[in-house]
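Here's work.txt, which has compact mmCIF, C-alpha atoms:
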# COMPACT_ATOMS: atom_id res chain seq x y z
CA MET A 646 -45.52 58.01 17.88
CA GLU A 647 -44.05 59.81 14.90
CA ILE A 648 -41.72 57.65 12.82
CA VAL A 649 -39.85 59.68 10.23
CA SER A 650 -37.70 57.05 8.52
CA SER A 651 -38.57 56.42 4.90
CA ARG A 652 -40.68 53.37 4.14
CA LEU A 653 -39.81 50.41 1.96
CA ASN A 654 -42.35 47.96 0.61
CA VAL A 655 -41.32 44.37 0.01
CA SER A 656 -43.31 41.28 -0.84
CA ASP A 657 -42.00 38.94 1.84
CA PHE A 658 -39.19 38.04 4.27
CA CYS A 659 -36.82 36.85 1.56
CA ALA A 660 -37.35 39.99 -0.50
CA ALA A 661 -36.54 42.03 2.60
CA GLN A 662 -33.23 40.21 2.98
CA GLU A 663 -32.25 40.85 -0.61
CA LEU A 664 -33.21 44.52 -0.41
CA TYR A 665 -31.27 45.15 2.81
CA HIS A 666 -28.22 43.25 1.58
CA ALA A 667 -28.31 45.05 -1.76
CA ASN A 668 -28.35 48.42 -0.03
CA GLY A 669 -25.37 47.55 2.16
CA TRP A 670 -27.49 47.68 5.31
CA THR A 671 -26.37 44.37 6.82
CA ASP A 672 -23.23 42.70 8.12
CA GLY A 673 -23.70 39.88 5.64
CA LEU A 674 -25.99 37.88 7.91
CA PRO A 675 -29.79 37.82 7.67
CA VAL A 676 -31.65 40.54 9.55
CA ILE A 677 -35.04 40.79 11.20
CA PRO A 678 -37.16 43.00 8.92
CA PRO A 679 -37.71 46.22 10.90
CA THR A 680 -41.43 46.91 10.85
CA ARG A 681 -42.88 49.99 12.46
CA THR A 682 -44.48 47.88 15.19
CA LEU A 683 -41.25 46.19 16.19
CA VAL A 684 -39.40 49.50 16.26
CA GLU A 685 -42.09 51.18 18.33
CA ASP A 686 -42.00 48.28 20.79
CA CYS A 687 -38.31 48.96 21.40
CA LEU A 688 -38.85 52.68 21.86
CA ASN A 689 -41.78 52.14 24.20
CA TRP A 690 -39.84 49.67 26.32
CA ALA A 691 -37.03 52.19 26.76
CA MET A 692 -39.53 55.02 27.24
CA LEU A 693 -37.81 57.02 24.54
CA PRO A 694 -39.52 59.21 21.95
CA SER A 695 -38.48 58.43 18.41
CA GLU A 696 -36.75 61.79 17.95
CA HIS A 697 -34.71 61.47 21.14
CA VAL A 698 -31.06 62.16 20.34
CA VAL A 699 -29.01 59.43 21.96
CA GLY A 700 -25.88 61.37 21.12
CA ILE A 701 -23.95 63.13 18.41
CA GLU A 702 -20.92 61.65 16.71
CA PRO A 703 -18.47 64.46 17.37
CA VAL A 704 -16.35 64.35 14.20
CA ARG A 705 -19.06 64.16 11.55
CA GLU A 706 -21.63 65.79 13.83
CA ARG A 707 -24.29 63.22 13.06
CA ALA A 708 -27.14 62.94 15.51
CA ILE A 709 -28.00 59.35 16.44
CA THR A 710 -31.71 59.23 17.13
CA ALA A 711 -33.52 56.62 19.17
CA GLU A 712 -35.66 55.76 16.14
CA LYS A 713 -32.71 54.90 13.92
CA LEU A 714 -30.96 53.02 16.70
CA ALA A 715 -34.13 51.01 17.35
CA ILE A 716 -34.42 50.08 13.67
CA ASN A 717 -30.89 48.73 13.70
CA SER A 718 -31.49 46.91 16.98
CA VAL A 719 -34.55 45.16 15.58
CA MET A 720 -32.53 44.15 12.53
CA ALA A 721 -29.83 42.71 14.82
CA GLY A 722 -32.41 40.50 16.55
CA CYS A 723 -32.97 42.51 19.71
CA LEU A 724 -36.13 42.18 21.72
CA PRO A 725 -37.54 45.40 23.17
CA MET A 726 -36.05 44.50 26.56
CA HIS A 727 -32.56 44.55 25.01
CA PHE A 728 -32.91 48.04 23.60
CA PRO A 729 -31.96 50.05 26.74
CA LEU A 730 -28.63 48.27 26.72
CA VAL A 731 -28.07 49.26 23.09
CA VAL A 732 -28.89 52.88 23.92
CA THR A 733 -26.42 52.79 26.80
CA ALA A 734 -23.71 51.24 24.66
CA MET A 735 -24.20 53.90 21.99
CA THR A 736 -24.06 56.60 24.68
CA ALA A 737 -20.74 55.21 25.87
CA ILE A 738 -19.10 55.11 22.45
CA LEU A 739 -20.25 58.62 21.56
CA HIS A 740 -18.21 60.06 24.44
CA LYS A 741 -15.48 62.19 22.87
CA ASP A 742 -12.68 60.30 24.64
CA PHE A 743 -13.77 57.10 22.92
CA LEU A 744 -12.80 58.72 19.60
CA LEU A 745 -15.37 56.69 17.69
CA HIS A 746 -14.51 58.03 14.25
CA GLY A 747 -10.82 57.26 14.58
CA ALA A 748 -11.41 53.86 16.10
CA THR A 749 -13.89 52.76 13.44
CA ALA A 750 -12.01 54.27 10.49
CA SER A 751 -8.48 53.17 11.34
CA THR A 752 -6.53 50.59 9.37
CA GLY A 753 -5.88 49.02 12.80
CA GLY A 754 -9.21 47.24 12.57
CA SER A 755 -10.60 47.33 16.09
CA ALA A 756 -14.14 46.40 17.10
CA VAL A 757 -16.38 47.85 19.78
CA LEU A 758 -16.11 45.64 22.87
CA LEU A 759 -18.99 45.93 25.34
CA ILE A 760 -18.82 44.74 28.96
CA VAL A 761 -22.12 44.64 30.83
CA ASN A 762 -22.55 44.92 34.59
CA GLY A 763 -25.40 45.05 37.06
CA PRO A 764 -28.88 43.59 37.48
CA ILE A 765 -29.75 44.00 33.80
CA ARG A 766 -27.45 41.06 32.98
CA ARG A 767 -29.77 38.65 34.74
CA GLU A 768 -32.95 40.37 33.59
CA LEU A 769 -31.80 39.80 30.01
CA GLY A 770 -30.58 36.25 30.62
CA MET A 771 -26.98 37.11 29.85
CA THR A 772 -24.63 34.28 30.66
CA THR A 773 -21.20 34.91 32.08
CA GLU A 774 -19.57 31.52 31.99
CA PHE A 775 -19.22 29.08 29.09
CA ASN A 776 -18.02 30.50 25.78
CA VAL A 777 -18.34 34.02 27.14
CA LEU A 778 -16.39 35.54 24.25
CA GLY A 779 -18.19 33.51 21.61
CA ASN A 780 -21.84 34.58 21.43
CA SER A 781 -22.77 32.99 24.70
CA ASP A 782 -26.40 34.12 24.77
CA ARG A 783 -29.07 35.98 22.86
CA ALA A 784 -28.71 39.38 24.53
CA SER A 785 -24.92 39.46 24.22
CA ALA A 786 -25.08 38.49 20.57
CA THR A 787 -27.81 40.89 19.54
CA VAL A 788 -26.73 43.91 21.58
CA GLY A 789 -23.20 43.68 20.23
CA ARG A 790 -24.52 43.23 16.70
CA SER A 791 -26.84 46.22 17.09
CA ILE A 792 -23.89 48.52 17.63
CA ARG A 793 -22.11 47.20 14.56
CA LEU A 794 -25.21 47.57 12.38
CA ALA A 795 -25.78 51.08 13.71
CA LEU A 796 -22.20 52.01 12.86
CA ILE A 797 -22.66 50.61 9.37
CA ASN A 798 -25.96 52.30 8.69
CA LEU A 799 -25.77 55.56 10.63
CA LEU A 800 -22.08 56.40 10.26
CA ASN A 801 -21.21 54.51 7.04
CA VAL A 802 -18.71 52.30 8.84
CA ARG A 803 -18.72 49.80 6.00
CA PRO A 804 -15.59 48.05 4.79
CA GLY A 805 -14.00 50.28 2.18
CA GLU A 806 -16.08 53.31 3.16
CA ILE A 807 -15.39 54.75 6.63
CA ASP A 808 -14.11 51.37 7.81
CA ARG A 809 -10.58 51.19 6.38
CA SER A 810 -9.49 48.18 8.44
CA THR A 811 -6.65 46.25 6.87
CA LEU A 812 -7.84 43.02 8.49
CA GLY A 813 -10.50 43.66 11.10
CA HIS A 814 -11.43 40.73 13.34
CA PRO A 815 -14.47 38.55 14.06
CA GLY A 816 -15.47 40.71 17.04
CA LYS A 817 -16.88 43.15 14.53
CA PHE A 818 -19.95 40.95 14.15
CA SER A 819 -20.66 41.21 17.87
CA TYR A 820 -18.30 41.72 20.81
CA CYS A 821 -20.25 41.77 24.05
CA LEU A 822 -20.01 39.95 27.35
CA ALA A 823 -21.31 40.28 30.89
CA GLU A 824 -19.22 40.11 34.04
CA ASP A 825 -19.70 37.14 36.39
CA GLU A 826 -20.48 39.20 39.46
CA GLU A 827 -22.24 36.38 41.34
CA ASN A 828 -19.27 33.99 41.30
CA SER A 829 -16.60 36.55 42.06
CA CYS A 830 -15.61 38.14 45.33
CA TRP A 831 -14.14 41.09 43.46
CA GLU A 832 -15.64 44.52 42.99
CA SER A 833 -17.48 44.67 39.68
CA LEU A 834 -16.16 46.72 36.79
CA ALA A 835 -19.12 49.11 36.94
CA SER A 836 -18.63 49.59 40.65
CA GLU A 837 -14.96 50.39 40.09
CA ARG A 838 -15.70 52.91 37.35
CA LEU A 839 -18.96 54.46 38.57
CA GLY A 840 -18.74 53.91 42.32
CA ASP A 841 -22.07 52.11 42.58
CA SER A 842 -22.32 48.35 43.00
CA ASN A 843 -26.02 48.22 42.13
CA VAL A 844 -25.96 50.10 38.85
CA SER A 845 -26.42 48.45 35.48
CA ALA A 846 -23.84 49.77 33.06
CA VAL A 847 -21.95 49.21 29.85
CA THR A 848 -18.23 49.74 29.47
CA ALA A 849 -17.10 50.10 25.87
CA MET A 850 -13.63 49.88 24.42
CA ALA A 851 -12.17 50.02 20.93
CA ALA A 852 -10.58 46.62 21.10
CA MET A 853 -8.51 44.19 19.15
CA ALA A 854 -9.16 40.44 19.11
CA PRO A 855 -8.77 38.41 22.32
CA ARG A 856 -5.40 36.79 22.93
CA GLN A 857 -5.93 33.63 24.98
CA VAL A 858 -3.30 32.56 27.50
CA MET A 859 -2.98 29.43 29.66
CA ASN A 860 -1.19 28.69 32.91
CA GLU A 861 -2.39 25.59 34.74
CA TRP A 862 0.93 24.90 36.39
CA THR A 863 1.03 27.29 39.30
CA THR A 864 -1.20 28.74 41.98
CA ASP A 865 1.12 31.65 42.68
CA PRO A 866 -0.64 34.92 41.80
CA ARG A 867 2.63 36.55 40.79
CA GLU A 868 3.44 33.79 38.32
CA ILE A 869 -0.04 34.00 36.83
CA CYS A 870 0.34 37.76 36.51
CA GLU A 871 3.63 37.17 34.73
CA THR A 872 1.80 35.07 32.12
CA PHE A 873 -0.68 37.91 31.62
CA SER A 874 2.13 40.45 31.42
CA ALA A 875 4.12 38.38 28.95
CA GLU A 876 1.17 38.33 26.57
CA ILE A 877 0.79 42.08 26.90
CA ARG A 878 4.49 42.57 26.25
CA SER A 879 4.17 40.40 23.16
CA ASN A 880 1.34 42.64 21.95
CA GLN A 881 3.44 45.72 22.64
CA LEU A 882 6.29 44.42 20.52
CA ASN A 883 4.37 42.71 17.75
CA TYR A 884 1.43 45.13 17.47
CA SER A 885 1.54 48.46 19.28
CA ILE A 886 3.99 49.62 21.91
CA TRP A 887 1.82 52.49 23.14
CA PRO A 888 0.15 52.37 26.56
CA GLY A 889 -3.61 52.33 26.94
CA ASN A 890 -6.53 50.36 28.33
CA TYR A 891 -6.09 46.60 28.26
CA VAL A 892 -8.92 44.22 29.17
CA LEU A 893 -8.03 41.12 31.16
CA ILE A 894 -10.73 38.46 31.37
CA ILE A 895 -10.14 35.94 34.15
CA PRO A 896 -12.28 32.78 34.36
CA PRO A 897 -12.97 30.95 37.64
CA GLN A 898 -10.04 28.50 37.70
CA LEU A 899 -7.38 31.17 37.66
CA ARG A 900 -9.59 33.50 39.67
CA SER A 901 -9.64 30.95 42.48
CA HIS A 902 -5.88 31.21 42.93
CA PHE A 903 -6.09 34.99 43.34
CA GLU A 904 -9.02 34.68 45.70
CA THR A 905 -7.26 32.06 47.82
CA SER A 906 -4.34 34.45 48.18
CA LYS A 907 -6.72 37.35 48.96
CA TRP A 908 -5.65 39.24 45.85
CA THR A 909 -8.05 41.94 44.74
CA LYS A 910 -8.40 43.39 41.25
CA GLY A 911 -6.23 46.23 42.53
CA ASP A 912 -3.40 43.85 43.47
CA ILE A 913 -3.46 42.30 39.99
CA LYS A 914 -3.45 45.73 38.38
CA GLU A 915 -0.40 46.80 40.39
CA CYS A 916 1.45 43.60 39.56
CA VAL A 917 0.72 43.76 35.83
CA PHE A 918 1.47 47.49 35.76
CA GLU A 919 4.97 46.78 37.02
CA ARG A 920 5.65 43.81 34.73
CA ALA A 921 3.97 44.75 31.46
CA ARG A 922 6.62 47.01 30.00
CA VAL A 923 9.24 46.65 27.28
CA LEU A 924 12.38 48.37 26.14
CA ARG A 925 12.35 49.92 22.71
CA GLY A 926 15.47 47.93 21.91
CA GLU A 927 13.42 44.70 22.16
CA TRP A 928 11.84 45.65 18.85
CA ALA A 929 15.05 44.39 17.28
CA ASN A 930 14.10 40.87 18.45
CA VAL A 931 10.87 40.89 16.44
CA GLY A 932 12.13 42.28 13.15
CA LYS A 933 11.59 45.95 13.93
CA GLY A 934 15.20 46.90 14.47
CA SER A 935 15.00 49.77 12.02
CA VAL A 936 12.76 51.82 14.33
CA VAL A 937 14.79 51.33 17.51
CA LYS A 938 17.15 54.16 16.48
CA ASP A 939 19.06 55.71 19.38
CA ARG A 940 16.37 55.01 21.97
CA ALA A 941 17.02 51.31 22.70
CA ASP A 942 17.00 51.83 26.47
CA ARG A 943 13.73 53.75 26.58
CA GLU A 944 11.09 51.88 28.58
CA TYR A 945 7.47 51.67 27.46
CA PRO A 946 4.82 50.63 30.00
CA ALA A 947 1.70 48.96 28.62
CA LEU A 948 -0.42 50.85 31.15
CA ASN A 949 -0.10 54.53 31.99
CA GLU A 950 -1.45 53.68 35.42
CA PRO A 951 -2.69 50.47 37.10
CA ASP A 952 -6.35 51.40 36.57
CA ASP A 953 -5.80 51.29 32.81
CA LEU A 954 -6.13 47.53 33.23
CA ILE A 955 -9.80 46.57 32.99
CA ILE A 956 -10.25 43.27 34.82
CA VAL A 957 -13.40 41.27 34.14
CA ALA A 958 -14.44 38.11 35.94
CA ALA A 959 -15.98 35.87 33.30
CA GLY A 960 -15.62 32.50 31.64
CA GLY A 961 -16.42 28.83 32.04
CA PRO A 962 -15.62 26.98 35.28
CA ALA A 963 -12.84 24.72 34.06
CA GLY A 964 -9.56 25.58 32.39
CA GLY A 965 -6.55 27.62 33.40
CA PHE A 966 -7.19 30.17 30.71
CA ALA A 967 -7.53 33.91 30.55
CA ALA A 968 -7.74 36.46 27.76
CA ILE A 969 -5.91 39.69 27.09
CA ILE A 970 -7.79 42.14 24.88
CA PRO A 971 -5.50 44.92 23.69
CA PRO A 972 -6.59 48.44 22.84
CA TRP A 973 -6.95 49.65 19.28
CA LEU A 974 -4.08 52.11 19.58
CA GLY A 975 -2.67 53.08 22.94
CA SER A 976 -4.53 55.83 24.69
CA LYS A 977 -5.92 57.53 21.58
CA SER A 978 -9.25 55.93 22.43
CA ARG A 979 -10.24 55.54 26.07
CA ALA A 980 -12.64 53.00 27.52
CA SER A 981 -15.98 54.61 28.31
CA THR A 982 -18.64 53.59 30.82
CA ALA A 983 -22.30 54.64 30.82
CA ALA A 984 -25.08 53.68 33.21
CA VAL A 985 -28.35 52.20 31.98
CA GLY A 986 -31.26 54.53 32.63
CA ALA A 987 -34.52 55.88 31.32
CA CYS A 988 -34.93 59.41 30.06
CA VAL A 989 -36.77 61.08 32.91
CA ASP A 990 -37.64 64.13 30.82
CA CYS A 991 -39.24 62.19 28.01
CA GLU A 992 -42.91 61.63 27.48
CA VAL A 993 -43.98 58.25 28.81
CA TRP A 994 -46.38 56.11 26.85
CA MET B 1205 -44.68 44.21 4.19
CA GLU B 1206 -43.74 47.80 5.03
CA LEU B 1207 -40.28 48.24 6.51
CA LEU B 1208 -38.18 51.13 7.74
CA ASN B 1209 -34.97 52.51 6.30
CA PRO B 1210 -32.14 51.89 8.81
CA SER B 1211 -29.68 54.39 7.33
CA TYR B 1212 -28.90 58.00 8.18
CA GLU B 1213 -31.41 60.18 6.32
CA GLU B 1214 -30.59 63.71 7.40
CA THR B 1215 -30.71 65.77 4.21
CA LYS B 1216 -30.52 69.29 5.60
CA ILE B 1217 -27.37 71.04 4.39
CA ASN B 1218 -26.23 73.94 6.52
CA GLN B 1219 -22.84 74.49 4.96
CA ILE B 1220 -21.85 76.47 1.90
CA PRO B 1221 -18.68 75.49 0.04
CA ALA B 1222 -15.90 78.09 0.12
CA ASP B 1223 -15.19 80.08 -3.02
CA ARG B 1224 -12.70 78.27 -5.22
CA LEU B 1225 -9.37 79.92 -5.99
CA LEU B 1226 -8.73 80.86 -9.60
CA GLU B 1227 -4.97 80.65 -9.12
CA LEU B 1228 -2.45 79.89 -6.40
CA ARG B 1229 0.06 82.63 -7.22
CA GLY B 1230 0.65 84.95 -4.28
CA LYS B 1231 -1.62 82.97 -2.00
CA THR B 1232 -1.10 81.44 1.44
CA VAL B 1233 -1.63 77.68 1.46
CA GLY B 1234 -1.77 75.70 4.68
CA ILE B 1235 -0.91 72.03 4.95
CA ILE B 1236 -2.28 70.05 7.88
CA SER B 1237 -0.40 66.83 8.38
CA ASN B 1238 -1.72 63.94 10.43
CA GLY B 1239 1.78 63.68 11.86
CA LYS B 1240 2.69 60.25 10.57
CA GLU B 1241 6.34 59.82 9.74
CA ASN B 1242 6.19 59.63 5.97
CA THR B 1243 4.12 62.79 5.65
CA ALA B 1244 7.20 64.89 6.46
CA PRO B 1245 9.17 64.31 3.23
CA PHE B 1246 5.97 64.17 1.18
CA PHE B 1247 4.67 67.55 2.34
CA GLU B 1248 8.14 69.08 2.14
CA TYR B 1249 8.28 68.08 -1.52
CA LEU B 1250 4.73 69.28 -2.07
CA SER B 1251 5.58 72.65 -0.52
CA GLN B 1252 8.46 73.05 -2.95
CA ILE B 1253 6.16 72.34 -5.91
CA LEU B 1254 3.57 74.80 -4.65
CA GLU B 1255 6.17 77.54 -4.32
CA ASP B 1256 8.37 76.84 -7.34
CA LYS B 1257 5.79 75.75 -9.91
CA TYR B 1258 2.60 77.49 -8.81
CA GLY B 1259 4.01 80.66 -7.23
CA VAL B 1260 2.43 80.18 -3.82
CA GLN B 1261 3.77 82.98 -1.64
CA ASN B 1262 3.57 81.26 1.71
CA VAL B 1263 3.17 77.58 2.59
CA VAL B 1264 2.28 76.99 6.23
CA GLN B 1265 2.85 73.49 7.56
CA ARG B 1266 1.06 72.33 10.68
CA ILE B 1267 0.75 68.94 12.41
CA LYS B 1268 -2.31 67.73 14.29
CA GLY B 1269 -1.79 66.57 17.87
CA ASN B 1270 -3.66 63.31 17.30
CA TYR B 1271 -3.74 61.80 13.85
CA SER B 1272 -7.02 60.02 14.52
CA ALA B 1273 -8.89 63.06 15.80
CA PRO B 1274 -10.02 66.36 14.25
CA ALA B 1275 -7.62 69.28 14.23
CA GLU B 1276 -7.43 71.29 17.45
CA ASP B 1277 -9.52 74.44 17.87
CA GLU B 1278 -6.41 76.65 17.74
CA LEU B 1279 -5.45 75.14 14.41
CA MET B 1280 -8.97 75.53 13.03
CA ALA B 1281 -8.86 79.20 14.04
CA GLU B 1282 -5.56 79.70 12.23
CA ILE B 1283 -7.07 78.37 9.00
CA VAL B 1284 -9.14 81.53 8.70
CA GLY B 1285 -6.02 83.39 7.62
CA TRP B 1286 -5.18 80.98 4.81
CA ASP B 1287 -6.41 81.04 1.21
CA ALA B 1288 -6.42 77.26 0.82
CA VAL B 1289 -5.86 74.18 2.95
CA LEU B 1290 -4.48 70.76 2.15
CA SER B 1291 -5.41 68.17 4.76
CA GLY B 1292 -3.26 65.10 4.48
CA VAL B 1293 -4.30 61.62 5.41
CA GLY B 1294 -1.99 58.67 5.09
CA ASP B 1295 0.72 56.54 6.62
Let's see the structure in the file written out as structure tokens.
Amino acid sequence: MEIVSSRLNVSDFCAAQELYHANGWTDGLPVIPPTRTLVEDCLNWAMLPSEHVVGIEPVRERAITAEKLAINSVMAGCLPMHFPLVVTAMTAILHKDFLLHGATASTGGSAVLLIVNGPIRRELGMTTEFNVLGNSDRASATVGRSIRLALINLLNVRPGEIDRSTLGHPGKFSYCLAEDEENSCWESLASERLGDSNVSAVTAMAAMAPRQVMNEWTTDPREICETFSAEIRSNQLNYSIWPGNYVLIIPPQLRSHFETSKWTKGDIKECVFERARVLRGEWANVGKGSVVKDRADREYPALNEPDDLIIVAAGGPAGGFAAIIPPWLGSKSRASTAAVGACVDCEVW
Amino acid sequence: MELLNPSYEETKINQIPADRLLELRGKTVGIISNGKENTAPFFEYLSQILEDKYGVQNVVQRIKGNYSAPAEDELMAEIVGWDAVLSGVGD
């Protein structure tokens, strides 16, 4: 296999760390030194030739090759078996509607959230329950980190360079979770978006930090939806009023109340769609009165349509919690879903 | 230990910089705003300076549809008729 990346000679593991940190090639954490063997193992597992173009970043027209993506995946700690998921995630974020350049350059400071569905979750040992938003398992941690390192190294999304985030958030280290399909009676996210319940897929979204909510004092689905909607309304007023994709992560305890009442994801979407909306005049209540102007009665929905709400079943078994993950900036960036697959036209080793 | 460079290494340059203007007098200068609110008074003031101080004949002001995305194809086509372009980024 032809590997075209330039070579670097270092004396040992520690020297490798210093070299990669000094060149701005890390996220501040140690990396696995990317040897040719480790990189080739990733490419072989995914059956991708090194020169395969995973996609082209549409604004700067940079081709992202499988070789460079594999190098960054190795650095992030990925095993070869994780690499197809990284390729899929990169494919998803290079879709033009994701608006990768804007999302990664904006002062808004979003991170790339990845939601994994399908059989690959179990093949990779991804966990879907405890601490699901906090580096719950090896694959989630390393796949999410791979995307961040690739953005840093292939598109210069470093703080102060392309990344102009005012604050950013911790999800920029790694922001990846898998849906708990086994313990949910709901249709999976990938099935909703791709129409196939057996497919392995990654849904990506330019996302802000999770906002955790709690309601352990009702079993009424409408009241629970009101708690979700209130948090979204708060985000609309305090952060961005514009409608877009919101992610709603629902762990088992709250999920059980919906399931008992026979509520589907679609029912929750309809309910939140109706309730998650604010009047422009409410900005005056949060110190933004100067921008209300003469449009105080204008209504702003958080979702342009019910399907803008991305519901994910995930989380630990106990606790009446859920999480709202707002979009970077309304509908400027759209969530993108790509299916995991091998390149059927590529040479197989 | 031999390691691989993880950064973008494409060095091929396909683009040639446009000829630089020797003066602005009598020229057409386009301004592409990202559409954020404070760009309006700023570019208005800039247009006045270009016309009054530098003798620019025609200042064309345009606003992108999405401030986080590249300019639309129609706008890019219009640029061909301008002598210089100012692309504004800011809040």
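Selected on chain B by distance to chain A: Met1205, Glu1206, Leu1207, Leu1208, Asn1209, Pro1210, Ser1211, Tyr1212 and Ser1272 of chain B (within 6 Å, counting all atoms listed in the file).
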List as a ChimeraX atom specification the protein and nucleic acid residues near region 1241-1257 of chain B, meaning an atom at most 12 Å away when only C-alpha atoms are counted, but skip any in the same chain fewer than 5 places from it. /A:936 /B:1227-1236,1262-1268,1271,1288,1290-1295
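The spacing separating CA of Ala984 (chain A) from CA of Ser845 (chain A) amounts to 5.9 Å.
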I'd like the contact shell of Ile877 (chain A) - 12 Å cut-off, all atoms listed in the file, skipping same-chain residues fewer than 5 positions apart - returned as a ChimeraX atom specification. /A:855-858,870-872,882-893,917-923,945-948,954,968-972
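Residues within 9 Å of Glu915 (chain A), counting all atoms listed in the file and excluding same-chain residues fewer than 5 positions away, are A:Lys910, A:Arg920, A:Glu950, A:Pro951, A:Asp952.
For the choices A:Ile677, A:Leu899, A:Cys916, A:Ala852, the atom-to-atom distance to Thr864 (chain A) is smallest for A:Leu899 when using only C-alpha atoms.
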Coordinates-based distance that separates CA of Ala958 (chain A) from CA of Pro866 (chain A) (Å, one decimal): 15.3 Å
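For the atom pair formed by CA of Glu696 (chain A) and CA of Ala823 (chain A), the distance is 29.5 Å, given to one decimal.
Distance check against Ile765 (chain A) using all atoms listed in the file: of A:Val844, A:Cys821, A:Ala835, A:Met692, the minimum falls on A:Val844.
Within the 12 Å cut-off around His740 (chain A), using all atoms listed in the file and omitting residues fewer than 3 positions from it on the same chain, the listed residues are A:Val699, A:Gly700, A:Ile701, A:Glu702, A:Pro703, A:Val704, A:Thr733, A:Ala734, A:Met735, A:Thr736, A:Ala737, A:Phe743, A:Leu744, A:Leu745, A:His746, A:Thr848, A:Ala849, A:Met850, A:Ser978, A:Arg979, A:Ala980, A:Ser981, A:Thr982, A:Ala983.
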Starting from the incomplete input, reconstruct N, CA and C atoms of region 708-725 of chain A and report them as a PDB file, in the coordinates of the input.
ATOM      1  N   ALA A 708     -26.291  63.274  14.368  1.00  0.00           N
ATOM      2  CA  ALA A 708     -27.140  62.940  15.510  1.00  0.00           C
ATOM      3  C   ALA A 708     -27.647  61.507  15.363  1.00  0.00           C
ATOM      4  N   ILE A 709     -27.493  60.731  16.424  1.00  0.00           N
ATOM      5  CA  ILE A 709     -28.000  59.350  16.440  1.00  0.00           C
ATOM      6  C   ILE A 709     -29.314  59.380  17.195  1.00  0.00           C
ATOM      7  N   THR A 710     -30.405  59.169  16.478  1.00  0.00           N
ATOM      8  CA  THR A 710     -31.710  59.230  17.130  1.00  0.00           C
ATOM      9  C   THR A 710     -32.127  57.845  17.633  1.00  0.00           C
ATOM     10  N   ALA A 711     -33.019  57.874  18.615  1.00  0.00           N
ATOM     11  CA  ALA A 711     -33.520  56.620  19.170  1.00  0.00           C
ATOM     12  C   ALA A 711     -34.230  55.799  18.102  1.00  0.00           C
ATOM     13  N   GLU A 712     -34.933  56.483  17.204  1.00  0.00           N
ATOM     14  CA  GLU A 712     -35.660  55.760  16.140  1.00  0.00           C
ATOM     15  C   GLU A 712     -34.696  54.955  15.266  1.00  0.00           C
ATOM     16  N   LYS A 713     -33.645  55.594  14.808  1.00  0.00           N
ATOM     17  CA  LYS A 713     -32.710  54.900  13.920  1.00  0.00           C
ATOM     18  C   LYS A 713     -31.969  53.788  14.659  1.00  0.00           C
ATOM     19  N   LEU A 714     -31.648  54.052  15.918  1.00  0.00           N
ATOM     20  CA  LEU A 714     -30.960  53.020  16.700  1.00  0.00           C
ATOM     21  C   LEU A 714     -31.884  51.825  16.930  1.00  0.00           C
ATOM     22  N   ALA A 715     -33.164  52.103  17.144  1.00  0.00           N
ATOM     23  CA  ALA A 715     -34.130  51.010  17.350  1.00  0.00           C
ATOM     24  C   ALA A 715     -34.291  50.181  16.080  1.00  0.00           C
ATOM     25  N   ILE A 716     -34.298  50.834  14.938  1.00  0.00           N
ATOM     26  CA  ILE A 716     -34.420  50.080  13.670  1.00  0.00           C
ATOM     27  C   ILE A 716     -33.255  49.095  13.546  1.00  0.00           C
ATOM     28  N   ASN A 717     -32.058  49.594  13.826  1.00  0.00           N
ATOM     29  CA  ASN A 717     -30.890  48.730  13.700  1.00  0.00           C
ATOM     30  C   ASN A 717     -30.879  47.631  14.768  1.00  0.00           C
ATOM     31  N   SER A 718     -31.417  47.924  15.921  1.00  0.00           N
ATOM     32  CA  SER A 718     -31.490  46.910  16.980  1.00  0.00           C
ATOM     33  C   SER A 718     -32.462  45.796  16.606  1.00  0.00           C
ATOM     34  N   VAL A 719     -33.600  46.174  16.058  1.00  0.00           N
ATOM     35  CA  VAL A 719     -34.550  45.160  15.580  1.00  0.00           C
ATOM     36  C   VAL A 719     -33.893  44.281  14.532  1.00  0.00           C
ATOM     37  N   MET A 720     -33.210  44.913  13.594  1.00  0.00           N
ATOM     38  CA  MET A 720     -32.530  44.150  12.530  1.00  0.00           C
ATOM     39  C   MET A 720     -31.532  43.156  13.118  1.00  0.00           C
ATOM     40  N   ALA A 721     -30.860  43.567  14.211  1.00  0.00           N
ATOM     41  CA  ALA A 721     -29.830  42.710  14.820  1.00  0.00           C
ATOM     42  C   ALA A 721     -30.443  41.548  15.591  1.00  0.00           C
ATOM     43  N   GLY A 722     -31.750  41.585  15.816  1.00  0.00           N
ATOM     44  CA  GLY A 722     -32.410  40.500  16.550  1.00  0.00           C
ATOM     45  C   GLY A 722     -32.782  40.851  17.964  1.00  0.00           C
ATOM     46  N   CYS A 723     -32.642  42.103  18.341  1.00  0.00           N
ATOM     47  CA  CYS A 723     -32.970  42.510  19.710  1.00  0.00           C
ATOM     48  C   CYS A 723     -34.465  42.418  19.984  1.00  0.00           C
ATOM     49  N   LEU A 724     -34.782  42.013  21.196  1.00  0.00           N
ATOM     50  CA  LEU A 724     -36.130  42.180  21.720  1.00  0.00           C
ATOM     51  C   LEU A 724     -36.227  43.577  22.324  1.00  0.00           C
ATOM     52  N   PRO A 725     -37.429  44.065  22.542  1.00  0.00           N
ATOM     53  CA  PRO A 725     -37.540  45.400  23.170  1.00  0.00           C
ATOM     54  C   PRO A 725     -36.752  45.512  24.474  1.00  0.00           C
TER      55      PRO A 725
END
